[in-house]
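Next comes run13.cif, with mmCIF, C-alpha atoms.
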```cif
data_protein
#
loop_
_atom_site.label_atom_id
_atom_site.label_comp_id
_atom_site.auth_asym_id
_atom_site.auth_seq_id
_atom_site.Cartn_x
_atom_site.Cartn_y
_atom_site.Cartn_z
CA MET A 1 68.31 95.60 111.12
CA LEU A 2 66.68 92.39 109.95
CA ASP A 3 68.20 92.72 106.47
CA LEU A 4 71.63 93.60 107.89
CA PRO A 5 72.25 91.09 110.68
CA ARG A 6 75.74 92.42 111.47
CA LEU A 7 74.56 96.04 111.74
CA GLU A 8 75.23 98.00 114.91
CA LEU A 9 72.71 100.86 115.17
CA TYR A 10 73.59 104.06 117.04
CA VAL A 11 70.94 106.65 117.92
CA GLU A 12 71.30 110.00 119.63
CA GLU A 13 70.68 110.08 123.36
CA GLY A 14 67.06 110.92 124.12
CA PHE A 15 65.86 109.70 120.73
CA GLY A 16 63.20 107.56 122.41
CA ASP A 17 62.96 103.82 122.76
CA PRO A 18 63.91 102.29 119.40
CA CYS A 19 64.13 98.89 121.06
CA ALA A 20 60.37 98.96 121.54
CA LEU A 21 60.03 99.01 117.76
CA LEU A 22 62.41 96.14 117.27
CA GLN A 23 61.34 93.19 119.36
CA GLN A 24 62.88 90.50 117.20
CA LYS A 25 65.30 88.24 119.03
CA GLY A 26 68.81 89.64 119.27
CA VAL A 27 68.01 92.98 117.64
CA PRO A 28 67.69 95.29 120.69
CA GLU A 29 71.17 94.27 121.89
CA ARG A 30 72.64 95.82 118.74
CA ILE A 31 71.18 99.27 119.39
CA HIS A 32 73.29 101.82 121.26
CA GLU A 33 72.96 105.43 122.32
CA VAL A 34 75.72 107.84 121.41
CA ARG A 35 76.55 109.96 124.41
CA GLY A 36 78.72 112.96 125.17
CA GLU A 37 80.10 115.52 122.73
CA PRO A 38 80.14 114.67 118.98
CA ALA A 39 83.93 114.86 119.02
CA SER A 40 83.94 111.71 121.21
CA TRP A 41 81.58 109.80 118.93
CA PRO A 42 83.03 106.94 116.86
CA SER A 43 83.37 107.00 113.08
CA PHE A 44 80.29 105.46 111.47
CA ASP A 45 79.96 103.47 108.27
CA ALA A 46 76.77 105.40 107.43
CA VAL A 47 74.91 108.35 108.94
CA VAL A 48 71.29 109.36 108.32
CA CYS A 49 70.36 112.80 109.68
CA THR A 50 68.87 116.18 108.81
CA ALA A 51 70.79 119.36 108.09
CA GLU A 52 69.15 120.80 111.19
CA ASP A 53 70.60 117.94 113.28
CA LEU A 54 74.09 118.74 112.04
CA GLN A 55 73.76 122.47 112.64
CA ARG A 56 72.50 121.83 116.16
CA LEU A 57 75.45 119.56 116.96
CA GLY A 58 77.85 122.28 115.85
CA ARG A 59 80.66 119.81 115.11
CA PRO A 60 81.29 117.42 112.23
CA VAL A 61 80.11 113.82 112.37
CA ARG A 62 82.55 111.27 110.92
CA ALA A 63 81.16 108.73 108.44
CA ASN A 64 82.04 106.94 105.21
CA PHE A 65 78.55 107.34 103.76
CA ALA A 66 76.07 110.08 104.56
CA PHE A 67 72.39 110.67 103.85
CA VAL A 68 71.48 114.25 104.77
CA LEU A 69 67.82 115.37 104.64
CA ALA A 70 66.21 118.80 104.53
CA GLU A 71 63.34 119.79 106.84
CA ASP A 72 60.85 118.53 104.25
CA HIS A 73 62.82 115.23 104.16
CA GLN A 74 64.12 115.87 100.65
CA LEU A 75 67.56 114.39 100.08
CA LEU A 76 70.36 116.97 100.20
CA LEU A 77 73.30 114.58 100.10
CA ALA A 78 73.77 110.90 99.42
CA ASN A 79 77.37 110.20 98.46
CA ALA A 80 76.52 106.51 98.13
CA SER A 81 74.29 107.40 95.15
CA LYS A 82 77.40 107.23 92.96
CA LEU A 83 77.48 103.48 93.55
CA MET A 84 74.13 103.23 91.79
CA GLU A 85 75.70 104.76 88.67
CA ALA A 86 78.28 101.99 88.32
CA VAL A 87 78.40 100.33 84.90
CA LEU A 88 79.82 96.99 83.78
CA THR A 89 82.48 96.99 81.09
CA GLY A 90 84.81 94.36 79.69
CA PHE A 91 88.56 94.10 79.16
CA ASP A 92 90.03 91.54 76.76
CA PHE A 93 93.53 90.07 77.03
CA GLY A 94 93.88 87.41 74.38
CA LYS A 95 91.55 84.61 75.49
CA LEU A 96 90.96 86.23 78.88
CA ARG A 97 88.02 88.58 79.45
CA PHE A 98 87.36 90.48 82.68
CA SER A 99 84.08 92.20 83.52
CA VAL A 100 84.66 95.26 85.69
CA LYS A 101 82.38 97.65 87.57
CA LEU A 102 83.32 101.31 87.32
CA TYR A 103 81.83 104.79 87.41
CA PRO A 104 80.76 106.40 84.11
CA ASP A 105 83.21 109.30 84.69
CA THR A 106 86.17 107.07 85.59
CA VAL A 107 89.50 108.47 84.33
CA PHE A 108 91.95 105.73 83.39
CA TYR A 109 95.06 105.93 81.23
CA GLU A 110 94.41 102.59 79.61
CA ARG A 111 97.04 102.89 76.89
CA THR A 112 99.79 103.38 79.47
CA TYR A 113 98.93 100.22 81.41
CA LEU A 114 98.45 98.16 78.27
CA ASN A 115 102.04 99.05 77.35
CA PHE A 116 103.37 96.33 79.65
CA PRO A 117 106.79 94.67 78.99
CA VAL A 118 105.35 91.24 78.25
CA PHE A 119 108.80 89.59 78.26
CA LEU A 120 108.71 90.04 82.06
CA SER A 121 105.24 88.54 82.56
CA SER A 122 106.41 85.08 83.60
CA GLN A 123 108.78 86.59 86.18
CA VAL A 124 106.14 88.61 88.01
CA GLN A 125 104.99 87.10 91.30
CA THR A 126 103.88 90.17 93.30
CA VAL A 127 102.10 93.30 92.12
CA ILE A 128 101.48 96.26 94.46
CA ASP A 129 98.77 98.70 93.33
CA ILE A 130 98.83 101.79 95.59
CA GLY A 131 95.82 104.00 94.98
CA ALA A 132 94.06 101.19 93.15
CA GLY A 133 90.74 103.01 92.69
CA VAL A 134 88.17 100.54 91.39
CA GLY A 135 90.96 98.25 90.19
CA LEU A 136 91.39 98.99 86.48
CA GLY A 137 95.19 99.02 86.75
CA SER A 138 95.06 95.65 88.50
CA VAL A 139 92.84 94.29 85.73
CA CYS A 140 95.58 95.10 83.22
CA PHE A 141 98.23 93.53 85.44
CA ARG A 142 96.15 90.37 85.79
CA GLY A 143 95.82 90.18 82.01
CA PHE A 144 99.59 90.23 81.56
CA CYS A 145 100.52 88.35 84.74
CA PRO A 146 97.90 85.62 85.29
CA GLU A 147 99.85 83.90 88.10
CA ALA A 148 100.84 86.96 90.13
CA ALA A 149 99.45 87.90 93.54
CA ILE A 150 98.02 91.42 93.36
CA HIS A 151 97.72 93.62 96.45
CA CYS A 152 95.49 96.68 96.12
CA PHE A 153 95.60 99.61 98.54
CA GLU A 154 92.72 102.09 98.45
CA VAL A 155 91.35 104.53 101.05
CA ASP A 156 88.24 105.93 99.33
CA PRO A 157 85.17 104.01 100.62
CA LEU A 158 83.27 104.52 97.35
CA ALA A 159 86.08 103.11 95.23
CA LEU A 160 86.64 100.32 97.77
CA HIS A 161 83.09 99.07 97.32
CA LEU A 162 83.67 98.42 93.61
CA LEU A 163 87.30 97.38 94.05
CA GLN A 164 86.32 94.56 96.39
CA GLN A 165 83.83 93.25 93.84
CA ASN A 166 86.29 93.55 90.95
CA ALA A 167 89.04 91.82 92.95
CA LEU A 168 86.85 88.72 93.29
CA GLY A 169 86.73 88.42 89.51
CA LEU A 170 90.51 88.73 89.19
CA GLY A 171 91.35 86.02 91.68
CA ASN A 172 94.47 86.01 93.89
CA CYS A 173 93.81 89.73 94.37
CA PHE A 174 93.84 91.16 97.90
CA VAL A 175 92.24 94.46 98.93
CA HIS A 176 93.67 96.52 101.79
CA PRO A 177 91.32 99.34 102.91
CA VAL A 178 93.99 101.89 103.74
CA GLY A 179 95.96 104.56 101.93
CA LEU A 180 99.75 104.49 101.77
CA ALA A 181 101.74 107.67 102.26
CA GLY A 182 104.97 109.01 103.72
CA GLN A 183 103.82 108.59 107.33
CA ASP A 184 100.97 107.24 109.46
CA SER A 185 98.04 109.63 109.72
CA CYS A 186 94.28 109.90 109.81
CA ARG A 187 92.90 112.63 107.57
CA THR A 188 89.40 113.90 107.02
CA CYS A 189 87.62 114.77 103.81
CA ARG A 190 84.59 117.06 104.04
CA LEU A 191 81.52 115.47 102.51
CA TRP A 192 78.95 118.16 103.31
CA PRO A 193 78.50 121.11 103.30
CA GLU A 194 81.14 122.23 100.82
CA ASP A 195 81.77 125.47 102.74
CA PRO A 196 85.18 124.88 104.41
CA GLN A 197 84.34 127.51 107.06
CA ALA A 198 81.37 125.54 108.38
CA LYS A 199 82.11 124.07 111.82
CA TRP A 200 79.41 121.43 111.41
CA GLY A 201 78.60 118.81 108.77
CA VAL A 202 79.80 115.36 107.77
CA GLU A 203 83.46 114.43 107.40
CA GLN A 204 84.93 111.23 106.02
CA PRO A 205 87.86 109.72 107.99
CA LEU A 206 90.67 108.44 105.78
CA PRO A 207 93.38 106.21 107.38
CA PHE A 208 96.92 106.28 105.94
CA ARG A 209 99.96 104.15 106.74
CA GLU A 210 103.61 104.77 106.09
CA ALA A 211 104.18 102.76 102.91
CA ARG A 212 107.32 100.79 103.74
CA ALA A 213 106.14 99.82 107.24
CA ALA A 214 102.71 98.74 105.99
CA LEU A 215 104.16 96.54 103.25
CA LYS A 216 106.68 95.02 105.65
CA GLU A 217 103.91 94.08 108.10
CA LEU A 218 102.18 92.21 105.27
CA GLY A 219 105.37 90.45 104.22
CA LEU A 220 105.47 92.38 100.94
CA GLU A 221 109.12 93.42 100.89
CA PHE A 222 109.79 91.84 97.48
CA ILE A 223 107.87 93.61 94.71
CA ASP A 224 107.94 92.86 90.99
CA VAL A 225 105.50 95.49 89.71
CA LEU A 226 104.62 98.72 91.53
CA ARG A 227 101.90 101.20 90.64
CA VAL A 228 101.59 104.48 92.57
CA ALA A 229 98.54 106.64 91.80
CA THR A 230 97.63 108.36 95.04
CA GLY A 231 96.38 111.72 93.82
CA GLY A 232 99.22 113.75 95.31
CA GLU A 233 101.20 111.41 97.62
CA GLU A 234 103.37 109.85 94.91
CA VAL A 235 106.62 111.57 95.93
CA GLU A 236 106.11 110.66 99.60
CA VAL A 237 105.33 107.00 98.79
CA LEU A 238 108.37 106.67 96.52
CA THR A 239 110.55 108.24 99.20
CA SER A 240 109.28 105.73 101.74
CA LEU A 241 110.02 102.84 99.34
CA GLN A 242 113.31 104.20 98.02
CA GLU A 243 115.43 101.31 99.28
CA GLN A 244 113.23 98.84 97.39
CA LEU A 245 112.94 100.66 94.08
CA GLU A 246 116.08 99.22 92.46
CA ASP A 247 114.77 95.66 92.86
CA ILE A 248 111.37 96.32 91.29
CA LYS A 249 111.02 95.22 87.66
CA VAL A 250 108.34 97.68 86.49
CA ILE A 251 107.22 100.93 88.13
CA TYR A 252 104.18 102.97 87.11
CA VAL A 253 103.81 106.46 88.60
CA GLU A 254 100.99 108.92 88.01
CA PHE A 255 101.56 112.53 89.08
CA CYS A 256 99.21 115.44 89.66
CA SER A 257 101.40 118.47 89.03
CA GLU A 258 104.43 119.60 87.09
CA GLN A 259 106.20 120.20 90.40
CA ASP A 260 105.66 116.55 91.39
CA ARG A 261 106.91 115.40 87.99
CA LYS A 262 110.12 117.38 88.43
CA GLN A 263 110.66 115.99 91.94
CA ILE A 264 110.10 112.43 90.74
CA ASP A 265 112.44 112.95 87.79
CA HIS A 266 115.16 114.60 89.89
CA ARG A 267 115.07 112.17 92.82
CA TYR A 268 114.42 108.85 91.16
CA ASN A 269 115.39 108.95 87.50
CA GLN A 270 119.06 109.35 88.47
CA HIS A 271 118.65 106.87 91.33
CA LEU A 272 117.24 104.14 89.07
CA ALA A 273 119.33 104.71 85.94
CA PRO A 274 121.06 102.94 84.24
CA ASP A 275 119.11 99.83 85.29
CA PHE A 276 115.73 101.28 84.22
CA VAL A 277 114.41 102.59 80.93
CA ILE A 278 111.28 104.69 80.38
CA MET A 279 108.74 102.58 78.48
CA ASP A 280 106.05 105.24 78.21
CA ALA A 281 105.66 108.87 79.23
CA ARG A 282 102.88 111.32 78.47
CA ARG A 283 101.14 114.36 79.81
CA ALA A 284 97.77 113.55 81.36
CA GLY A 285 94.77 115.03 79.55
#
```
As structure tokens, the full file:
Amino acid sequence: MLDLPRLELYVEEGFGDPCALLQQKGVPERIHEVRGEPASWPSFDAVVCTAEDLQRLGRPVRANFAFVLAEDHQLLLANASKLMEAVLTGFDFGKLRFSVKLYPDTVFYERTYLNFPVFLSSQVQTVIDIGAGVGLGSVCFRGFCPEAAIHCFEVDPLALHLLQQNALGLGNCFVHPVGLAGQDSCRTCRLWPEDPQAKWGVEQPLPFREARAALKELGLEFIDVLRVATGGEEVEVLTSLQEQLEDIKVIYVEFCSEQDRKQIDHRYNQHLAPDFVIMDARRAG
């Protein structure tokens, strides 16, 4: 609590008197008991508990980061541990060099994003990166479009942690901690245990907004470069933005299945032609 002055600490009802352990000025007021059924509990940034605690509750706890301990206090899960594996790498664009934090197993189709139509660089004012990950696509866009404002949308808390750091190095780069999709929704991703039949555990809440409405609220109705890499929501996002597609100068789309590729090709290739030309196309992997 002393090292994290903005921290709000929640403890289970009947835990004891944690305030007696924390007598520093202002600290006890930031400690709260969670009451009622787990389903009524808020979503937490981080949860520390034992597997026995979770089984006893019988319902999932919602959190972005979880530290789950066994009875002997050995660590069973710490999804934040991936942040400790982050490495620093560099990207060079002429005289510009960007240092970027990423995971060792990061998958990035670098060649595709380096194949940017440079004759358009001076015309690019706004870049929208949907499913930005840790920001490697935005790094490439910054290299080609040094004056553009870049808006990154990412829902994964782990990726967001590195994206926010990388965005600072890019400058004029704004991070929006939400996913964009075909409609507003709040989805959950099971963190632990992996058994989908388990009625208890830790789930991660993931907020999504309908793409067109979210961009309109931010005043981002005029887009020069669009990247969509949402891990399965590409068709829905493009459908939401269909009225804007013809005015966008460059569109990057990643797809996860052959079915998605066919839908994208059928719906949008005819819609955009003859004004657009495919600059690069390849099969992932």
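Under the PyMOL selection byres ((chain A and resi 54-67) around 6), the matching residues in the shown file are Ser43, Phe44, Asp45, Ala46, Val47, Val48, Ala51, Glu52, Asp53, Val68, Leu77, Ala78, Lys199, Trp200, Gly201, Val202, Glu203 and Gln204 of chain A.
If only C-alpha atoms are the atoms counted, then among A:Gln183, A:Asn166, A:Thr230, A:Gln197 the closest residue to Leu88 of chain A is A:Asn166.
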Counting all atoms listed in the file, what is within 12 Å of Cys186 of chain A, bar same-chain residues fewer than 3 positions away, as JSON, numbers by chain? {"A": [43, 62, 155, 178, 179, 180, 181, 183, 189, 203, 204, 205, 206, 207, 208, 209, 210]}
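Pairwise distance (atom CA of Gln242 of chain A, atom CA of Ser122 of chain A) equals 24.9 Å.
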Given the PyMOL selection byres ((chain A and resi 143) around 9) and the file above, list the residues it selects as a PyMOL selection string. chain A and resi 91-94+96-98+138-142+144-146
Residues at most 10 Å from Glu13 of chain A, counting all atoms listed in the file, excluding those fewer than 6 positions away in the same chain, as a ChimeraX atom specification? /A:32-36
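Nearest to Leu136 of chain A of all the residues A:Ala229, A:Ala148, A:Val118, A:Ala70 is A:Ala229, counting all atoms listed in the file.
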In Å to one decimal, how far is atom CA of Glu221 of chain A from atom CA of Val124 of chain A?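 The value is 14.1 Å.
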From the set A:Ile150, A:Ala211, A:Leu158, A:Val253, which residue has the shortest atom-to-atom contact distance to Ser81 of chain A, counting only C-alpha atoms?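 Closest candidate: A:Leu158.
Separating atom CA of Ser121 of chain A from atom CA of Gly133 of chain A is a distance of 22.9 Å.
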Name all residues at most 8 Å from segment 101-110 of chain A (count only C-alpha atoms; drop same-chain ones fewer than 5 positions away) and give them as a ChimeraX atom specification. /A:82-83,85-89,134,136,162,165-166
Taking the structure I provided as the source, export segment 117-242 of chain A with C-alpha atoms, as a PDB file, in the first residue's frame.
```pdb
ATOM      1  CA  PRO A 117       3.411   2.936 -49.932  1.00  0.00           C
ATOM      2  CA  VAL A 118       5.893   5.667 -49.040  1.00  0.00           C
ATOM      3  CA  PHE A 119       4.499   8.054 -51.672  1.00  0.00           C
ATOM      4  CA  LEU A 120       1.502   8.469 -49.330  1.00  0.00           C
ATOM      5  CA  SER A 121       3.540   9.160 -46.188  1.00  0.00           C
ATOM      6  CA  SER A 122       3.225  12.940 -46.280  1.00  0.00           C
ATOM      7  CA  GLN A 123      -0.563  12.672 -46.693  1.00  0.00           C
ATOM      8  CA  VAL A 124      -1.139  10.534 -43.609  1.00  0.00           C
ATOM      9  CA  GLN A 125      -2.526  12.424 -40.624  1.00  0.00           C
ATOM     10  CA  THR A 126      -4.434   9.717 -38.714  1.00  0.00           C
ATOM     11  CA  VAL A 127      -3.562   6.063 -38.191  1.00  0.00           C
ATOM     12  CA  ILE A 128      -5.970   3.644 -36.466  1.00  0.00           C
ATOM     13  CA  ASP A 129      -4.388   0.438 -35.135  1.00  0.00           C
ATOM     14  CA  ILE A 130      -7.151  -1.954 -34.003  1.00  0.00           C
ATOM     15  CA  GLY A 131      -5.733  -4.910 -32.109  1.00  0.00           C
ATOM     16  CA  ALA A 132      -2.436  -3.091 -31.653  1.00  0.00           C
ATOM     17  CA  GLY A 133      -0.831  -5.715 -29.397  1.00  0.00           C
ATOM     18  CA  VAL A 134       2.401  -4.307 -27.997  1.00  0.00           C
ATOM     19  CA  GLY A 135       2.508  -1.738 -30.797  1.00  0.00           C
ATOM     20  CA  LEU A 136       4.858  -3.170 -33.429  1.00  0.00           C
ATOM     21  CA  GLY A 137       2.529  -2.216 -36.285  1.00  0.00           C
ATOM     22  CA  SER A 138       2.360   1.322 -34.930  1.00  0.00           C
ATOM     23  CA  VAL A 139       6.154   1.445 -34.761  1.00  0.00           C
ATOM     24  CA  CYS A 140       6.286   0.779 -38.496  1.00  0.00           C
ATOM     25  CA  PHE A 141       3.625   3.401 -39.174  1.00  0.00           C
ATOM     26  CA  ARG A 142       5.543   5.956 -37.126  1.00  0.00           C
ATOM     27  CA  GLY A 143       8.682   5.205 -39.132  1.00  0.00           C
ATOM     28  CA  PHE A 144       6.907   5.971 -42.405  1.00  0.00           C
ATOM     29  CA  CYS A 145       4.570   8.690 -41.106  1.00  0.00           C
ATOM     30  CA  PRO A 146       6.496  10.754 -38.532  1.00  0.00           C
ATOM     31  CA  GLU A 147       3.825  13.484 -38.285  1.00  0.00           C
ATOM     32  CA  ALA A 148       0.722  11.290 -38.019  1.00  0.00           C
ATOM     33  CA  ALA A 149      -1.406  10.840 -34.907  1.00  0.00           C
ATOM     34  CA  ILE A 150      -1.628   7.129 -34.088  1.00  0.00           C
ATOM     35  CA  HIS A 151      -4.535   5.678 -32.118  1.00  0.00           C
ATOM     36  CA  CYS A 152      -4.034   2.173 -30.726  1.00  0.00           C
ATOM     37  CA  PHE A 153      -6.903  -0.014 -29.522  1.00  0.00           C
ATOM     38  CA  GLU A 154      -6.036  -3.075 -27.434  1.00  0.00           C
ATOM     39  CA  VAL A 155      -8.050  -5.118 -24.922  1.00  0.00           C
ATOM     40  CA  ASP A 156      -5.464  -7.583 -23.571  1.00  0.00           C
ATOM     41  CA  PRO A 157      -4.114  -6.217 -20.240  1.00  0.00           C
ATOM     42  CA  LEU A 158      -0.722  -7.898 -20.737  1.00  0.00           C
ATOM     43  CA  ALA A 159      -0.208  -6.365 -24.167  1.00  0.00           C
ATOM     44  CA  LEU A 160      -1.552  -3.031 -22.913  1.00  0.00           C
ATOM     45  CA  HIS A 161       1.180  -2.804 -20.288  1.00  0.00           C
ATOM     46  CA  LEU A 162       3.903  -2.891 -22.949  1.00  0.00           C
ATOM     47  CA  LEU A 163       1.876  -0.932 -25.512  1.00  0.00           C
ATOM     48  CA  GLN A 164       1.560   2.022 -23.154  1.00  0.00           C
ATOM     49  CA  GLN A 165       5.322   2.077 -22.634  1.00  0.00           C
ATOM     50  CA  ASN A 166       6.061   1.736 -26.357  1.00  0.00           C
ATOM     51  CA  ALA A 167       3.564   4.484 -27.226  1.00  0.00           C
ATOM     52  CA  LEU A 168       5.527   6.960 -25.102  1.00  0.00           C
ATOM     53  CA  GLY A 169       8.586   6.362 -27.270  1.00  0.00           C
ATOM     54  CA  LEU A 170       6.625   6.905 -30.487  1.00  0.00           C
ATOM     55  CA  GLY A 171       5.134  10.234 -29.493  1.00  0.00           C
ATOM     56  CA  ASN A 172       1.715  11.498 -30.632  1.00  0.00           C
ATOM     57  CA  CYS A 173       0.498   7.937 -30.036  1.00  0.00           C
ATOM     58  CA  PHE A 174      -2.680   7.384 -28.013  1.00  0.00           C
ATOM     59  CA  VAL A 175      -3.649   4.119 -26.315  1.00  0.00           C
ATOM     60  CA  HIS A 176      -7.303   3.168 -25.845  1.00  0.00           C
ATOM     61  CA  PRO A 177      -7.762   0.188 -23.465  1.00  0.00           C
ATOM     62  CA  VAL A 178     -10.719  -1.385 -25.232  1.00  0.00           C
ATOM     63  CA  GLY A 179     -11.306  -3.836 -28.054  1.00  0.00           C
ATOM     64  CA  LEU A 180     -13.264  -2.884 -31.157  1.00  0.00           C
ATOM     65  CA  ALA A 181     -15.786  -5.299 -32.629  1.00  0.00           C
ATOM     66  CA  GLY A 182     -19.133  -5.446 -34.386  1.00  0.00           C
ATOM     67  CA  GLN A 183     -21.118  -4.514 -31.267  1.00  0.00           C
ATOM     68  CA  ASP A 184     -20.715  -3.448 -27.644  1.00  0.00           C
ATOM     69  CA  SER A 185     -20.057  -6.357 -25.296  1.00  0.00           C
ATOM     70  CA  CYS A 186     -18.121  -7.503 -22.266  1.00  0.00           C
ATOM     71  CA  ARG A 187     -16.533 -10.918 -22.691  1.00  0.00           C
ATOM     72  CA  THR A 188     -14.583 -13.088 -20.315  1.00  0.00           C
ATOM     73  CA  CYS A 189     -11.416 -15.062 -20.888  1.00  0.00           C
ATOM     74  CA  ARG A 190     -10.653 -17.908 -18.485  1.00  0.00           C
ATOM     75  CA  LEU A 191      -7.254 -17.493 -16.870  1.00  0.00           C
ATOM     76  CA  TRP A 192      -7.304 -20.469 -14.508  1.00  0.00           C
ATOM     77  CA  PRO A 193      -8.007 -23.368 -14.327  1.00  0.00           C
ATOM     78  CA  GLU A 194      -7.953 -24.349 -17.992  1.00  0.00           C
ATOM     79  CA  ASP A 195     -10.825 -26.820 -17.526  1.00  0.00           C
ATOM     80  CA  PRO A 196     -13.809 -25.062 -19.186  1.00  0.00           C
ATOM     81  CA  GLN A 197     -16.215 -27.146 -17.074  1.00  0.00           C
ATOM     82  CA  ALA A 198     -14.933 -25.705 -13.798  1.00  0.00           C
ATOM     83  CA  LYS A 199     -17.494 -23.360 -12.217  1.00  0.00           C
ATOM     84  CA  TRP A 200     -14.820 -21.614 -10.172  1.00  0.00           C
ATOM     85  CA  GLY A 201     -11.494 -19.936 -10.970  1.00  0.00           C
ATOM     86  CA  VAL A 202     -10.279 -16.618 -12.321  1.00  0.00           C
ATOM     87  CA  GLU A 203     -11.724 -14.936 -15.398  1.00  0.00           C
ATOM     88  CA  GLN A 204     -10.449 -11.877 -17.211  1.00  0.00           C
ATOM     89  CA  PRO A 205     -13.098  -9.292 -18.257  1.00  0.00           C
ATOM     90  CA  LEU A 206     -12.561  -7.910 -21.754  1.00  0.00           C
ATOM     91  CA  PRO A 207     -14.563  -4.786 -22.809  1.00  0.00           C
ATOM     92  CA  PHE A 208     -15.458  -4.318 -26.490  1.00  0.00           C
ATOM     93  CA  ARG A 209     -17.072  -1.396 -28.291  1.00  0.00           C
ATOM     94  CA  GLU A 210     -18.813  -1.240 -31.627  1.00  0.00           C
ATOM     95  CA  ALA A 211     -16.044   0.076 -33.882  1.00  0.00           C
ATOM     96  CA  ARG A 212     -17.782   2.883 -35.757  1.00  0.00           C
ATOM     97  CA  ALA A 213     -19.490   4.302 -32.652  1.00  0.00           C
ATOM     98  CA  ALA A 214     -16.272   4.204 -30.619  1.00  0.00           C
ATOM     99  CA  LEU A 215     -14.270   6.022 -33.294  1.00  0.00           C
ATOM    100  CA  LYS A 216     -17.014   8.602 -33.755  1.00  0.00           C
ATOM    101  CA  GLU A 217     -17.033   9.375 -30.019  1.00  0.00           C
ATOM    102  CA  LEU A 218     -13.298  10.077 -30.243  1.00  0.00           C
ATOM    103  CA  GLY A 219     -13.703  12.275 -33.307  1.00  0.00           C
ATOM    104  CA  LEU A 220     -11.879   9.736 -35.483  1.00  0.00           C
ATOM    105  CA  GLU A 221     -14.206   9.624 -38.476  1.00  0.00           C
ATOM    106  CA  PHE A 222     -11.464  10.513 -40.978  1.00  0.00           C
ATOM    107  CA  ILE A 223      -8.858   7.749 -41.225  1.00  0.00           C
ATOM    108  CA  ASP A 224      -5.809   7.637 -43.494  1.00  0.00           C
ATOM    109  CA  VAL A 225      -4.325   4.273 -42.478  1.00  0.00           C
ATOM    110  CA  LEU A 226      -6.279   1.427 -40.868  1.00  0.00           C
ATOM    111  CA  ARG A 227      -4.893  -1.772 -39.397  1.00  0.00           C
ATOM    112  CA  VAL A 228      -7.256  -4.511 -38.175  1.00  0.00           C
ATOM    113  CA  ALA A 229      -5.671  -7.461 -36.347  1.00  0.00           C
ATOM    114  CA  THR A 230      -8.203  -8.575 -33.770  1.00  0.00           C
ATOM    115  CA  GLY A 231      -7.671 -12.322 -33.712  1.00  0.00           C
ATOM    116  CA  GLY A 232     -11.053 -13.214 -35.186  1.00  0.00           C
ATOM    117  CA  GLU A 233     -13.155 -10.007 -35.222  1.00  0.00           C
ATOM    118  CA  GLU A 234     -11.787  -8.619 -38.496  1.00  0.00           C
ATOM    119  CA  VAL A 235     -14.937  -9.224 -40.563  1.00  0.00           C
ATOM    120  CA  GLU A 236     -17.160  -7.660 -37.881  1.00  0.00           C
ATOM    121  CA  VAL A 237     -14.916  -4.578 -37.543  1.00  0.00           C
ATOM    122  CA  LEU A 238     -14.769  -4.039 -41.303  1.00  0.00           C
ATOM    123  CA  THR A 239     -18.542  -4.393 -41.513  1.00  0.00           C
ATOM    124  CA  SER A 240     -18.955  -1.757 -38.817  1.00  0.00           C
ATOM    125  CA  LEU A 241     -16.597   0.603 -40.680  1.00  0.00           C
ATOM    126  CA  GLN A 242     -17.864  -0.183 -44.176  1.00  0.00           C
TER     127      GLN A 242
END
```
